[in-house]
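Novice: The structure file data-v8.cif (mmCIF, C-alpha atoms) is provided below.
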```cif
data_data
#
loop_
_atom_site.label_atom_id
_atom_site.label_comp_id
_atom_site.auth_asym_id
_atom_site.auth_seq_id
_atom_site.Cartn_x
_atom_site.Cartn_y
_atom_site.Cartn_z
CA MET T 10 -253.08 -23.28 43.61
CA ALA T 11 -253.53 -26.45 45.58
CA ASP T 12 -256.99 -27.96 45.52
CA PHE T 13 -258.40 -28.48 48.97
CA ALA T 14 -261.37 -30.64 49.78
CA ALA T 15 -264.41 -28.35 49.46
CA PRO T 16 -265.21 -27.84 53.19
CA LEU T 17 -261.55 -27.07 53.90
CA ALA T 18 -261.32 -24.66 50.96
CA ARG T 19 -264.41 -22.86 52.27
CA LEU T 20 -262.93 -22.57 55.76
CA ILE T 21 -259.69 -21.16 54.35
CA ASP T 22 -261.77 -18.60 52.43
CA GLU T 23 -263.69 -17.69 55.57
CA PHE T 24 -260.51 -17.17 57.59
CA LYS T 25 -259.02 -15.06 54.78
CA ARG T 26 -261.90 -12.60 55.23
CA LEU T 27 -260.73 -11.88 58.79
CA PRO T 28 -258.46 -8.87 59.29
CA GLY T 29 -254.72 -9.55 59.13
CA ILE T 30 -255.12 -13.13 57.89
CA GLY T 31 -253.60 -13.99 54.52
CA GLN T 32 -253.61 -17.18 52.48
CA LYS T 33 -250.83 -18.91 54.43
CA SER T 34 -252.17 -18.04 57.87
CA ALA T 35 -255.67 -19.05 56.79
CA GLN T 36 -254.39 -22.45 55.64
CA ARG T 37 -252.46 -22.93 58.86
CA ILE T 38 -255.47 -22.09 60.99
CA ALA T 39 -257.85 -24.18 58.90
CA PHE T 40 -255.56 -27.21 59.18
CA HIS T 41 -255.34 -26.57 62.91
CA VAL T 42 -259.13 -26.51 63.23
CA MET T 43 -259.37 -29.67 61.15
CA ARG T 44 -256.93 -31.46 63.45
CA ALA T 45 -258.57 -30.16 66.63
CA SER T 46 -261.16 -32.27 68.41
CA ARG T 47 -264.81 -31.86 67.49
CA ASP T 48 -265.42 -30.33 70.95
CA GLU T 49 -262.82 -27.66 70.36
CA ALA T 50 -264.23 -26.80 66.94
CA GLU T 51 -267.74 -26.69 68.39
CA ARG T 52 -266.60 -24.36 71.17
CA LEU T 53 -265.03 -21.99 68.63
CA ALA T 54 -268.15 -22.03 66.43
CA GLN T 55 -270.42 -21.52 69.44
CA THR T 56 -268.32 -18.66 70.82
CA ILE T 57 -268.55 -16.90 67.45
CA MET T 58 -272.35 -17.12 67.58
CA ASP T 59 -272.44 -16.03 71.25
CA VAL T 60 -270.72 -12.81 70.34
CA LYS T 61 -273.48 -12.10 67.84
CA ASP T 62 -276.33 -13.30 70.01
CA ARG T 63 -275.43 -12.24 73.54
CA LEU T 64 -273.73 -8.90 73.14
CA ARG T 65 -275.45 -5.56 73.03
CA ILE T 66 -274.68 -1.90 73.48
CA CYS T 67 -274.47 -0.28 76.93
CA VAL T 68 -277.43 2.15 77.12
CA GLN T 69 -275.29 4.73 78.94
CA CYS T 70 -271.94 4.73 77.12
CA ASN T 71 -272.51 2.65 73.92
CA ASN T 72 -269.69 0.26 74.83
CA ILE T 73 -270.16 -3.43 74.06
CA SER T 74 -271.82 -5.18 76.93
CA ASP T 75 -273.56 -8.40 77.85
CA ALA T 76 -276.03 -6.51 80.06
CA GLU T 77 -278.00 -3.26 79.88
CA LEU T 78 -275.04 -1.36 81.37
CA CYS T 79 -271.41 -2.27 80.63
CA GLN T 80 -268.81 -3.31 83.18
CA TYR T 81 -267.37 0.20 83.46
CA CYS T 82 -270.69 1.97 83.96
CA THR T 83 -271.71 -0.47 86.71
CA ASN T 84 -268.32 -0.64 88.46
CA PRO T 85 -268.57 1.25 91.80
CA ASP T 86 -264.75 1.50 91.93
CA ARG T 87 -264.60 3.60 88.77
CA ASP T 88 -264.82 7.38 88.91
CA GLN T 89 -268.10 8.15 87.13
CA SER T 90 -267.21 11.85 86.94
CA MET T 91 -264.35 11.36 84.44
CA VAL T 92 -265.63 10.39 80.99
CA CYS T 93 -263.15 9.36 78.31
CA VAL T 94 -264.70 9.78 74.85
CA VAL T 95 -263.48 7.30 72.20
CA GLU T 96 -264.47 6.57 68.63
CA ASP T 97 -264.89 2.81 68.88
CA PRO T 98 -265.26 0.17 71.61
CA ASN T 99 -261.84 -1.28 70.77
CA ASN T 100 -260.19 2.07 71.57
CA ILE T 101 -261.13 1.41 75.20
CA VAL T 102 -258.57 -1.40 75.22
CA GLY T 103 -255.81 1.06 74.36
CA VAL T 104 -256.70 3.26 77.33
CA GLU T 105 -257.24 0.36 79.74
CA VAL T 106 -253.83 -1.23 79.13
CA THR T 107 -252.19 1.89 80.59
CA ARG T 108 -253.87 1.03 83.95
CA GLN T 109 -253.75 4.77 84.66
CA PHE T 110 -257.34 5.72 83.93
CA ASN T 111 -260.01 4.91 86.48
CA GLY T 112 -262.90 6.80 84.97
CA VAL T 113 -265.59 5.65 82.59
CA TYR T 114 -266.11 5.81 78.83
CA HIS T 115 -268.33 7.12 76.10
CA VAL T 116 -268.23 5.50 72.68
CA LEU T 117 -269.15 7.79 69.76
CA GLY T 118 -269.31 5.06 67.14
CA GLY T 119 -266.97 6.92 64.78
CA ALA T 120 -265.65 10.41 64.09
CA LEU T 121 -266.93 13.36 62.13
CA SER T 122 -266.12 12.92 58.46
CA PRO T 123 -267.95 15.11 55.94
CA LEU T 124 -266.26 13.17 53.13
CA ARG T 125 -267.87 9.93 54.29
CA GLY T 126 -271.13 11.64 55.17
CA ILE T 127 -270.68 11.28 58.92
CA GLY T 128 -272.02 14.34 60.70
CA PRO T 129 -272.86 14.92 64.39
CA ASP T 130 -276.21 13.17 63.94
CA GLN T 131 -274.49 9.93 62.94
CA LEU T 132 -272.45 9.90 66.16
CA LYS T 133 -273.81 8.95 69.57
CA ILE T 134 -273.50 12.38 71.08
CA LYS T 135 -277.08 12.67 72.33
CA ASN T 136 -276.72 10.33 75.29
CA LEU T 137 -273.40 12.00 76.21
CA ILE T 138 -275.26 15.31 76.54
CA GLU T 139 -277.97 13.61 78.61
CA ARG T 140 -275.32 12.05 80.82
CA ILE T 141 -273.69 15.43 81.38
CA GLY T 142 -277.14 16.90 82.03
CA ARG T 143 -277.55 14.54 85.02
CA GLY T 144 -274.67 16.45 86.66
CA GLU T 145 -272.33 13.55 87.51
CA VAL T 146 -269.63 14.38 84.99
CA ARG T 147 -266.76 16.75 85.90
CA GLU T 148 -264.38 16.23 82.99
CA VAL T 149 -264.64 14.93 79.43
CA ILE T 150 -261.34 13.62 78.05
CA VAL T 151 -261.52 13.42 74.26
CA ALA T 152 -259.49 10.39 73.17
CA THR T 153 -260.58 10.25 69.53
CA ASN T 154 -257.87 9.21 67.07
CA PRO T 155 -255.03 11.66 66.28
CA THR T 156 -256.36 12.05 62.72
CA VAL T 157 -258.08 14.87 60.86
CA GLU T 158 -261.47 13.30 61.66
CA GLY T 159 -260.59 12.65 65.30
CA GLU T 160 -259.35 16.21 65.72
CA ALA T 161 -262.45 17.67 64.07
CA THR T 162 -264.60 15.61 66.43
CA ALA T 163 -262.60 16.82 69.43
CA VAL T 164 -263.00 20.46 68.41
CA TYR T 165 -266.73 19.92 67.79
CA LEU T 166 -267.24 18.31 71.22
CA SER T 167 -265.27 21.05 72.89
CA LYS T 168 -267.43 23.76 71.32
CA LEU T 169 -270.56 21.82 72.22
CA LEU T 170 -269.71 20.97 75.82
CA LYS T 171 -267.75 23.96 77.11
CA PRO T 172 -270.86 26.23 77.03
CA LEU T 173 -272.45 23.64 79.37
CA GLY T 174 -269.68 24.46 81.89
CA MET T 175 -267.87 21.21 81.24
CA LYS T 176 -264.10 20.77 81.43
CA VAL T 177 -263.08 19.27 78.07
CA THR T 178 -259.53 17.96 77.60
CA ARG T 179 -257.73 16.29 74.70
CA ILE T 180 -255.08 13.56 74.97
CA ALA T 181 -251.53 14.75 74.23
CA MET T 182 -249.97 14.23 70.82
CA GLY T 183 -246.21 13.95 70.39
CA VAL T 184 -243.40 11.57 69.67
CA PRO T 185 -244.13 8.00 70.83
CA VAL T 186 -242.08 6.76 73.78
CA GLY T 187 -239.21 4.47 72.77
CA SER T 188 -239.17 5.71 69.18
CA ASP T 189 -236.35 7.50 67.37
CA LEU T 190 -236.86 11.18 66.50
CA GLU T 191 -235.37 10.41 63.11
CA PHE T 192 -238.57 8.57 62.21
CA ALA T 193 -241.07 11.10 63.57
CA ASP T 194 -243.17 12.69 60.83
CA GLU T 195 -243.34 16.48 60.66
CA VAL T 196 -246.86 16.84 62.06
CA THR T 197 -246.08 14.63 65.05
CA MET T 198 -242.84 16.51 65.63
CA TRP T 199 -244.65 19.82 65.44
CA LYS T 200 -247.27 18.57 67.95
CA ALA T 201 -244.44 17.40 70.20
CA MET T 202 -242.75 20.83 70.06
CA GLU T 203 -246.02 22.66 70.53
CA GLY T 204 -246.99 20.51 73.52
CA ARG T 205 -243.59 20.84 75.22
CA ARG T 206 -243.55 21.10 78.99
CA GLU T 207 -241.04 22.57 81.40
CA ILE T 208 -238.86 19.96 83.09
CA MET V 25 -255.86 -5.71 81.03
CA ALA V 26 -259.05 -4.36 79.62
CA ASP V 27 -262.20 -6.14 80.70
CA PHE V 28 -264.24 -7.31 77.77
CA ALA V 29 -267.86 -8.36 77.98
CA ALA V 30 -267.78 -12.11 78.73
CA PRO V 31 -268.77 -13.48 75.27
CA LEU V 32 -266.20 -11.22 73.61
CA ALA V 33 -263.47 -12.21 76.09
CA ARG V 34 -264.22 -15.87 75.39
CA LEU V 35 -263.99 -15.33 71.62
CA ILE V 36 -260.64 -13.54 72.02
CA ASP V 37 -259.42 -16.52 74.08
CA GLU V 38 -260.62 -18.94 71.41
CA PHE V 39 -258.84 -17.06 68.63
CA LYS V 40 -255.65 -16.89 70.72
CA ARG V 41 -255.55 -20.70 70.69
CA LEU V 42 -255.18 -20.68 66.91
CA PRO V 43 -251.65 -20.85 65.50
CA GLY V 44 -249.94 -17.52 64.84
CA ILE V 45 -252.65 -15.44 66.54
CA GLY V 46 -251.57 -13.32 69.51
CA GLN V 47 -253.56 -11.10 71.86
CA LYS V 48 -253.75 -8.10 69.50
CA SER V 49 -254.71 -10.10 66.41
CA ALA V 50 -257.27 -12.04 68.43
CA GLN V 51 -258.85 -8.79 69.63
CA ARG V 52 -258.90 -7.38 66.12
CA ILE V 53 -260.53 -10.51 64.70
CA ALA V 54 -263.03 -10.77 67.55
CA PHE V 55 -264.10 -7.15 67.07
CA HIS V 56 -264.40 -7.83 63.35
CA VAL V 57 -266.66 -10.83 63.98
CA MET V 58 -268.71 -8.79 66.41
CA ARG V 59 -269.24 -6.07 63.82
CA ALA V 60 -269.97 -8.52 61.02
CA SER V 61 -273.55 -9.42 60.20
CA ARG V 62 -275.16 -12.37 61.92
CA ASP V 63 -275.19 -14.20 58.57
CA GLU V 64 -271.46 -13.81 58.15
CA ALA V 65 -270.77 -15.04 61.69
CA GLU V 66 -273.10 -17.98 61.14
CA ARG V 67 -271.33 -18.89 57.92
CA LEU V 68 -267.95 -18.85 59.69
CA ALA V 69 -269.26 -20.98 62.57
CA GLN V 70 -270.95 -23.40 60.18
CA THR V 71 -267.84 -23.74 58.01
CA ILE V 72 -265.79 -24.62 61.08
CA MET V 73 -268.22 -27.41 61.93
CA ASP V 74 -268.35 -28.61 58.30
CA VAL V 75 -264.62 -29.18 58.36
CA LYS V 76 -265.06 -31.45 61.37
CA ASP V 77 -268.20 -33.17 60.12
CA ARG V 78 -267.71 -33.54 56.39
CA LEU V 79 -264.03 -34.24 55.96
CA ARG V 80 -262.44 -37.63 56.10
CA ILE V 81 -259.25 -39.34 55.03
CA CYS V 82 -258.71 -40.64 51.49
CA VAL V 83 -258.60 -44.43 51.73
CA GLN V 84 -255.82 -44.61 49.17
CA CYS V 85 -253.41 -41.79 50.08
CA ASN V 86 -254.58 -40.55 53.54
CA ASN V 87 -254.99 -37.00 52.25
CA ILE V 88 -257.91 -34.98 53.54
CA SER V 89 -260.96 -35.54 51.41
CA ASP V 90 -264.68 -34.99 51.34
CA ALA V 91 -265.20 -38.34 49.58
CA GLU V 92 -263.79 -41.85 49.86
CA LEU V 93 -260.97 -40.92 47.48
CA CYS V 94 -259.36 -37.47 47.40
CA GLN V 95 -259.28 -35.09 44.44
CA TYR V 96 -255.80 -36.21 43.39
CA CYS V 97 -256.48 -39.94 43.53
CA THR V 98 -259.63 -39.55 41.41
CA ASN V 99 -258.22 -37.03 38.92
CA PRO V 100 -257.73 -38.78 35.54
CA ASP V 101 -255.32 -36.01 34.45
CA ARG V 102 -252.84 -36.83 37.22
CA ASP V 103 -250.09 -39.36 36.69
CA GLN V 104 -250.96 -42.15 39.11
CA SER V 105 -247.54 -43.75 38.64
CA MET V 106 -245.64 -40.94 40.42
CA VAL V 107 -246.29 -40.89 44.15
CA CYS V 108 -244.99 -38.01 46.24
CA VAL V 109 -244.72 -39.05 49.90
CA VAL V 110 -245.27 -36.25 52.42
CA GLU V 111 -245.55 -36.12 56.20
CA ASP V 112 -248.77 -34.14 56.50
CA PRO V 113 -251.68 -33.12 54.27
CA ASN V 114 -250.60 -29.47 54.40
CA ASN V 115 -247.23 -30.38 52.85
CA ILE V 116 -249.18 -31.14 49.65
CA VAL V 117 -249.87 -27.41 49.33
CA GLY V 118 -246.14 -26.70 49.20
CA VAL V 119 -245.69 -29.11 46.29
CA GLU V 120 -248.84 -28.01 44.46
CA VAL V 121 -247.93 -24.32 44.40
CA THR V 122 -244.91 -25.17 42.22
CA ARG V 123 -247.41 -26.32 39.52
CA GLN V 124 -244.62 -28.64 38.36
CA PHE V 125 -245.78 -31.93 39.82
CA ASN V 126 -248.58 -33.81 38.13
CA GLY V 127 -248.44 -37.05 40.08
CA VAL V 128 -250.33 -38.12 43.17
CA TYR V 129 -249.59 -38.15 46.88
CA HIS V 130 -249.22 -40.36 49.90
CA VAL V 131 -249.55 -38.86 53.35
CA LEU V 132 -247.62 -40.64 56.11
CA GLY V 133 -249.20 -38.76 58.98
CA GLY V 134 -245.81 -37.81 60.46
CA ALA V 135 -242.18 -38.87 60.40
CA LEU V 136 -240.15 -41.48 62.26
CA SER V 137 -239.14 -40.12 65.65
CA PRO V 138 -237.90 -42.61 68.26
CA LEU V 139 -237.73 -39.77 70.81
CA ARG V 140 -241.44 -39.13 70.44
CA GLY V 141 -242.24 -42.83 70.19
CA ILE V 142 -243.18 -42.68 66.50
CA GLY V 143 -242.04 -45.85 64.77
CA PRO V 144 -242.99 -47.30 61.36
CA ASP V 145 -246.20 -48.74 62.83
CA GLN V 146 -247.45 -45.26 63.75
CA LEU V 147 -247.05 -44.08 60.16
CA LYS V 148 -249.43 -44.94 57.34
CA ILE V 149 -246.94 -47.03 55.39
CA LYS V 150 -249.10 -50.12 55.05
CA ASN V 151 -251.43 -48.75 52.38
CA LEU V 152 -248.43 -47.33 50.50
CA ILE V 153 -247.02 -50.88 50.24
CA GLU V 154 -250.43 -52.16 49.13
CA ARG V 155 -250.63 -49.41 46.53
CA ILE V 156 -247.19 -50.31 45.19
CA GLY V 157 -248.23 -53.97 45.25
CA ARG V 158 -251.01 -53.20 42.75
CA GLY V 159 -248.24 -52.34 40.27
CA GLU V 160 -249.35 -48.86 39.18
CA VAL V 161 -246.51 -46.96 40.84
CA ARG V 162 -243.22 -46.34 38.99
CA GLU V 163 -241.52 -43.82 41.25
CA VAL V 164 -241.82 -42.79 44.88
CA ILE V 165 -240.55 -39.24 45.54
CA VAL V 166 -239.90 -38.79 49.25
CA ALA V 167 -240.79 -35.21 50.15
CA THR V 168 -240.65 -35.53 53.93
CA ASN V 169 -239.26 -32.48 55.75
CA PRO V 170 -235.52 -31.72 55.54
CA THR V 171 -235.13 -32.55 59.26
CA VAL V 172 -233.50 -35.41 61.14
CA GLU V 173 -236.88 -37.16 61.39
CA GLY V 174 -237.76 -36.50 57.75
CA GLU V 175 -234.37 -37.81 56.62
CA ALA V 176 -234.66 -40.93 58.79
CA THR V 177 -238.09 -41.57 57.29
CA ALA V 178 -236.72 -41.15 53.77
CA VAL V 179 -233.91 -43.61 54.44
CA TYR V 180 -236.34 -46.08 56.01
CA LEU V 181 -238.73 -45.89 53.02
CA SER V 182 -235.86 -46.27 50.60
CA LYS V 183 -234.63 -49.44 52.34
CA LEU V 184 -238.18 -50.76 52.47
CA LEU V 185 -239.23 -50.01 48.89
CA LYS V 186 -236.08 -50.52 46.83
CA PRO V 187 -236.12 -54.31 47.39
CA LEU V 188 -239.62 -54.22 45.85
CA GLY V 189 -237.99 -52.91 42.66
CA MET V 190 -239.30 -49.40 43.19
CA LYS V 191 -237.47 -46.23 42.14
CA VAL V 192 -237.22 -44.12 45.28
CA THR V 193 -236.03 -40.50 45.03
CA ARG V 194 -235.55 -37.70 47.58
CA ILE V 195 -236.20 -33.99 46.98
CA ALA V 196 -233.02 -31.91 46.68
CA MET V 197 -231.68 -29.95 49.62
CA GLY V 198 -229.60 -26.83 49.12
CA VAL V 199 -229.60 -23.06 49.40
CA PRO V 200 -233.05 -21.56 48.88
CA VAL V 201 -233.51 -19.55 45.68
CA GLY V 202 -233.36 -15.80 46.20
CA SER V 203 -231.48 -16.08 49.49
CA ASP V 204 -228.00 -14.81 50.32
CA LEU V 205 -225.26 -17.40 50.86
CA GLU V 206 -224.14 -15.35 53.84
CA PHE V 207 -227.22 -16.56 55.72
CA ALA V 208 -227.10 -20.23 54.77
CA ASP V 209 -226.43 -22.51 57.74
CA GLU V 210 -223.56 -24.98 57.51
CA VAL V 211 -225.68 -28.09 56.99
CA THR V 212 -227.67 -26.50 54.17
CA MET V 213 -224.47 -25.21 52.60
CA TRP V 214 -222.93 -28.67 52.86
CA LYS V 215 -226.04 -30.21 51.24
CA ALA V 216 -225.83 -27.58 48.47
CA MET V 217 -222.16 -28.41 47.82
CA GLU V 218 -222.77 -32.12 47.94
CA GLY V 219 -225.72 -31.91 45.56
CA ARG V 220 -223.91 -29.69 43.04
CA ARG V 221 -224.63 -30.27 39.36
CA GLU V 222 -222.63 -29.53 36.25
CA ILE V 223 -223.78 -26.44 34.38
#
```
Output the structure of this file as structure tokens.

Specialist:
Amino acid sequence: MADFAAPLARLIDEFKRLPGIGQKSAQRIAFHVMRASRDEAERLAQTIMDVKDRLRICVQCNNISDAELCQYCTNPDRDQSMVCVVEDPNNIVGVEVTRQFNGVYHVLGGALSPLRGIGPDQLKIKNLIERIGRGEVREVIVATNPTVEGEATAVYLSKLLKPLGMKVTRIAMGVPVGSDLEFADEVTMWKAMEGRREI
Amino acid sequence: MADFAAPLARLIDEFKRLPGIGQKSAQRIAFHVMRASRDEAERLAQTIMDVKDRLRICVQCNNISDAELCQYCTNPDRDQSMVCVVEDPNNIVGVEVTRQFNGVYHVLGGALSPLRGIGPDQLKIKNLIERIGRGEVREVIVATNPTVEGEATAVYLSKLLKPLGMKVTRIAMGVPVGSDLEFADEVTMWKAMEGRREI
């Protein structure tokens, strides 16, 4: 392998630790940073530290926030009675890009996984119950991942919340739009058949 | 688009400026940094600044270095009489990965490009001439890019250095190994025919 000057080699190593960045991309980015102005490099370094220093967790929904409550919980234009439950803060992005959901969120911080020792106590379910207890919530949409763990979590939440008189729904599973049925796996295809609707 | 907390949105923007990083990758990396420990984030930020603060240019070959002379120029195991001329420091990586070249380098800092106003005076040719003047160099291998600009630079260097009694060579152009001839463009194919060797 090529020898880089030590600080450059270290930066390439650092970038390689980031998700989706291999040796070649890391080199390309490190060379880019090296060629950038000192101001630009400083802004990047500072922004990295800001994310660690200025962000915290919304006390109501556990989303990432720069204040006590996140931008969804404090937004008067959002319907506070519809709560979309997701595993992680980044799953919110996936829902938001649809521009179809105008409710709020609740981040569990994972999904039930006995194999990895994650039980209900490891998930942030307590403040969801409290939130429902305050009587604002009409519907809980469970948007955990379409995996075994995500499904188990959805079933658990449904059993927990329905006795409280809550409407609990689950996002639809089926064949992705724009895909070819030829490439659909059997479980997805089965979910698509099972979830069929009259047209 | 999803609203991110301000520090996170800024970090996503910063990562999007880096080469080869789009919106989705930037989000993924930013979330990764956010989840990483403060120590890890600090190390990344510090390494970025180190690259700006600790690196300089080798006074002999213009490669990136953390000392006055780079690791190739000071390496007693490298053949100082073979100088491989490249456009940019990152082109050295491409030569080094072959593990076949044991000489040293000279970085021009670009290639001749009248359209972009880059003439011989904008390239670091002066210290190459000085280096040759000291009499250590036997052969100059021009490994500028196989582009119009790279070729023009190679021809220019050849005309400049040959009168000094220097052996000037150019890397071979032809069809890349492992490729299919069907996909070779006409210029590459022509170069491959022209550069044919007896077997």

Novice: Would you kindly translate the PyMOL selection byres ((chain T) within 8 of (chain V)) into the concrete residues it picks from this file, as a ChimeraX atom specification?

Specialist: /T:10-17,19-20,23-24,27-29,34,37-38,40-43,47,50-51,53-61,63-64,73-75,79-80,99,101-102,105-106,108

Novice: Starting from the PyMOL selection byres ((chain V and resi 211) around 12), expand the selection into actual residues of this file and give them as a list in words.

Specialist: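 Applying the PyMOL selection byres ((chain V and resi 211) around 12) to the structure shown produces Pro170, Thr171, Val172, Met197, Gly198, Val199, Phe207, Ala208, Asp209, Glu210, Thr212, Met213, Trp214, Lys215, Ala216, Met217 and Glu218 of chain V.
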
Novice: Written as a ChimeraX atom specification, what is the full residue list that the PyMOL selection byres ((chain V and resi 111) around 10) yields on the file shown?

Specialist: /V:109-110,112-116,130-136,147-148,166-169,174,177

Novice: Show which residues sit within 12 Å of T:Pro85, as a list in words. Count all atoms listed in the file, and ignore same-chain residues fewer than 3 positions away.

Specialist: Gln80, Tyr81, Cys82, Asp88, Gln89, Ser90, Asn111, Gly112 and Val113 of chain T

Novice: Kindly output stretch 95-102 of chain T as a PDB file, in the frame of the given file, after building all heavy atoms.

Specialist:
```
ATOM      1  N   VAL T  95    -264.247   7.988  73.247  1.00  0.00           N
ATOM      2  CA  VAL T  95    -263.480   7.300  72.200  1.00  0.00           C
ATOM      3  C   VAL T  95    -264.362   7.084  70.977  1.00  0.00           C
ATOM      4  O   VAL T  95    -265.582   7.188  71.059  1.00  0.00           O
ATOM      5  CB  VAL T  95    -262.944   5.933  72.702  1.00  0.00           C
ATOM      6  CG1 VAL T  95    -261.893   6.121  73.789  1.00  0.00           C
ATOM      7  CG2 VAL T  95    -264.073   5.032  73.174  1.00  0.00           C
ATOM      8  N   GLU T  96    -263.704   6.795  69.857  1.00  0.00           N
ATOM      9  CA  GLU T  96    -264.470   6.570  68.630  1.00  0.00           C
ATOM     10  C   GLU T  96    -265.150   5.205  68.641  1.00  0.00           C
ATOM     11  O   GLU T  96    -266.327   5.079  68.318  1.00  0.00           O
ATOM     12  CB  GLU T  96    -263.542   6.659  67.401  1.00  0.00           C
ATOM     13  CG  GLU T  96    -262.980   8.063  67.193  1.00  0.00           C
ATOM     14  CD  GLU T  96    -262.123   8.177  65.934  1.00  0.00           C
ATOM     15  OE1 GLU T  96    -262.232   7.306  65.044  1.00  0.00           O
ATOM     16  OE2 GLU T  96    -261.333   9.133  65.856  1.00  0.00           O
ATOM     17  N   ASP T  97    -264.370   4.177  68.974  1.00  0.00           N
ATOM     18  CA  ASP T  97    -264.890   2.810  68.880  1.00  0.00           C
ATOM     19  C   ASP T  97    -264.641   2.021  70.158  1.00  0.00           C
ATOM     20  O   ASP T  97    -263.705   2.325  70.901  1.00  0.00           O
ATOM     21  CB  ASP T  97    -264.205   2.084  67.712  1.00  0.00           C
ATOM     22  CG  ASP T  97    -264.734   2.569  66.375  1.00  0.00           C
ATOM     23  OD1 ASP T  97    -265.962   2.578  66.216  1.00  0.00           O
ATOM     24  OD2 ASP T  97    -263.924   2.966  65.530  1.00  0.00           O
ATOM     25  N   PRO T  98    -265.444   0.959  70.388  1.00  0.00           N
ATOM     26  CA  PRO T  98    -265.260   0.170  71.610  1.00  0.00           C
ATOM     27  C   PRO T  98    -263.832  -0.367  71.757  1.00  0.00           C
ATOM     28  O   PRO T  98    -263.314  -0.448  72.864  1.00  0.00           O
ATOM     29  CB  PRO T  98    -266.252  -0.978  71.441  1.00  0.00           C
ATOM     30  CG  PRO T  98    -267.312  -0.450  70.545  1.00  0.00           C
ATOM     31  CD  PRO T  98    -266.598   0.477  69.606  1.00  0.00           C
ATOM     32  N   ASN T  99    -263.190  -0.729  70.626  1.00  0.00           N
ATOM     33  CA  ASN T  99    -261.840  -1.280  70.770  1.00  0.00           C
ATOM     34  C   ASN T  99    -260.812  -0.243  71.207  1.00  0.00           C
ATOM     35  O   ASN T  99    -259.744  -0.603  71.691  1.00  0.00           O
ATOM     36  CB  ASN T  99    -261.376  -2.039  69.518  1.00  0.00           C
ATOM     37  CG  ASN T  99    -261.665  -1.311  68.237  1.00  0.00           C
ATOM     38  OD1 ASN T  99    -262.479  -0.389  68.223  1.00  0.00           O
ATOM     39  ND2 ASN T  99    -261.010  -1.697  67.171  1.00  0.00           N
ATOM     40  N   ASN T 100    -261.125   1.051  71.073  1.00  0.00           N
ATOM     41  CA  ASN T 100    -260.190   2.070  71.570  1.00  0.00           C
ATOM     42  C   ASN T 100    -260.101   2.049  73.089  1.00  0.00           C
ATOM     43  O   ASN T 100    -259.124   2.517  73.662  1.00  0.00           O
ATOM     44  CB  ASN T 100    -260.626   3.472  71.104  1.00  0.00           C
ATOM     45  CG  ASN T 100    -260.621   3.632  69.600  1.00  0.00           C
ATOM     46  OD1 ASN T 100    -261.502   4.248  69.027  1.00  0.00           O
ATOM     47  ND2 ASN T 100    -259.625   3.059  68.932  1.00  0.00           N
ATOM     48  N   ILE T 101    -261.142   1.499  73.731  1.00  0.00           N
ATOM     49  CA  ILE T 101    -261.130   1.410  75.200  1.00  0.00           C
ATOM     50  C   ILE T 101    -259.957   0.544  75.659  1.00  0.00           C
ATOM     51  O   ILE T 101    -259.294   0.847  76.643  1.00  0.00           O
ATOM     52  CB  ILE T 101    -262.482   0.851  75.717  1.00  0.00           C
ATOM     53  CG1 ILE T 101    -263.588   1.874  75.448  1.00  0.00           C
ATOM     54  CG2 ILE T 101    -262.400   0.497  77.199  1.00  0.00           C
ATOM     55  CD1 ILE T 101    -264.979   1.417  75.869  1.00  0.00           C
ATOM     56  N   VAL T 102    -259.684  -0.503  74.895  1.00  0.00           N
ATOM     57  CA  VAL T 102    -258.570  -1.400  75.220  1.00  0.00           C
ATOM     58  C   VAL T 102    -257.272  -0.612  75.348  1.00  0.00           C
ATOM     59  O   VAL T 102    -256.511  -0.781  76.298  1.00  0.00           O
ATOM     60  CB  VAL T 102    -258.396  -2.477  74.125  1.00  0.00           C
ATOM     61  CG1 VAL T 102    -257.292  -3.442  74.491  1.00  0.00           C
ATOM     62  CG2 VAL T 102    -259.706  -3.203  73.878  1.00  0.00           C
TER      63      VAL T 102
END
```
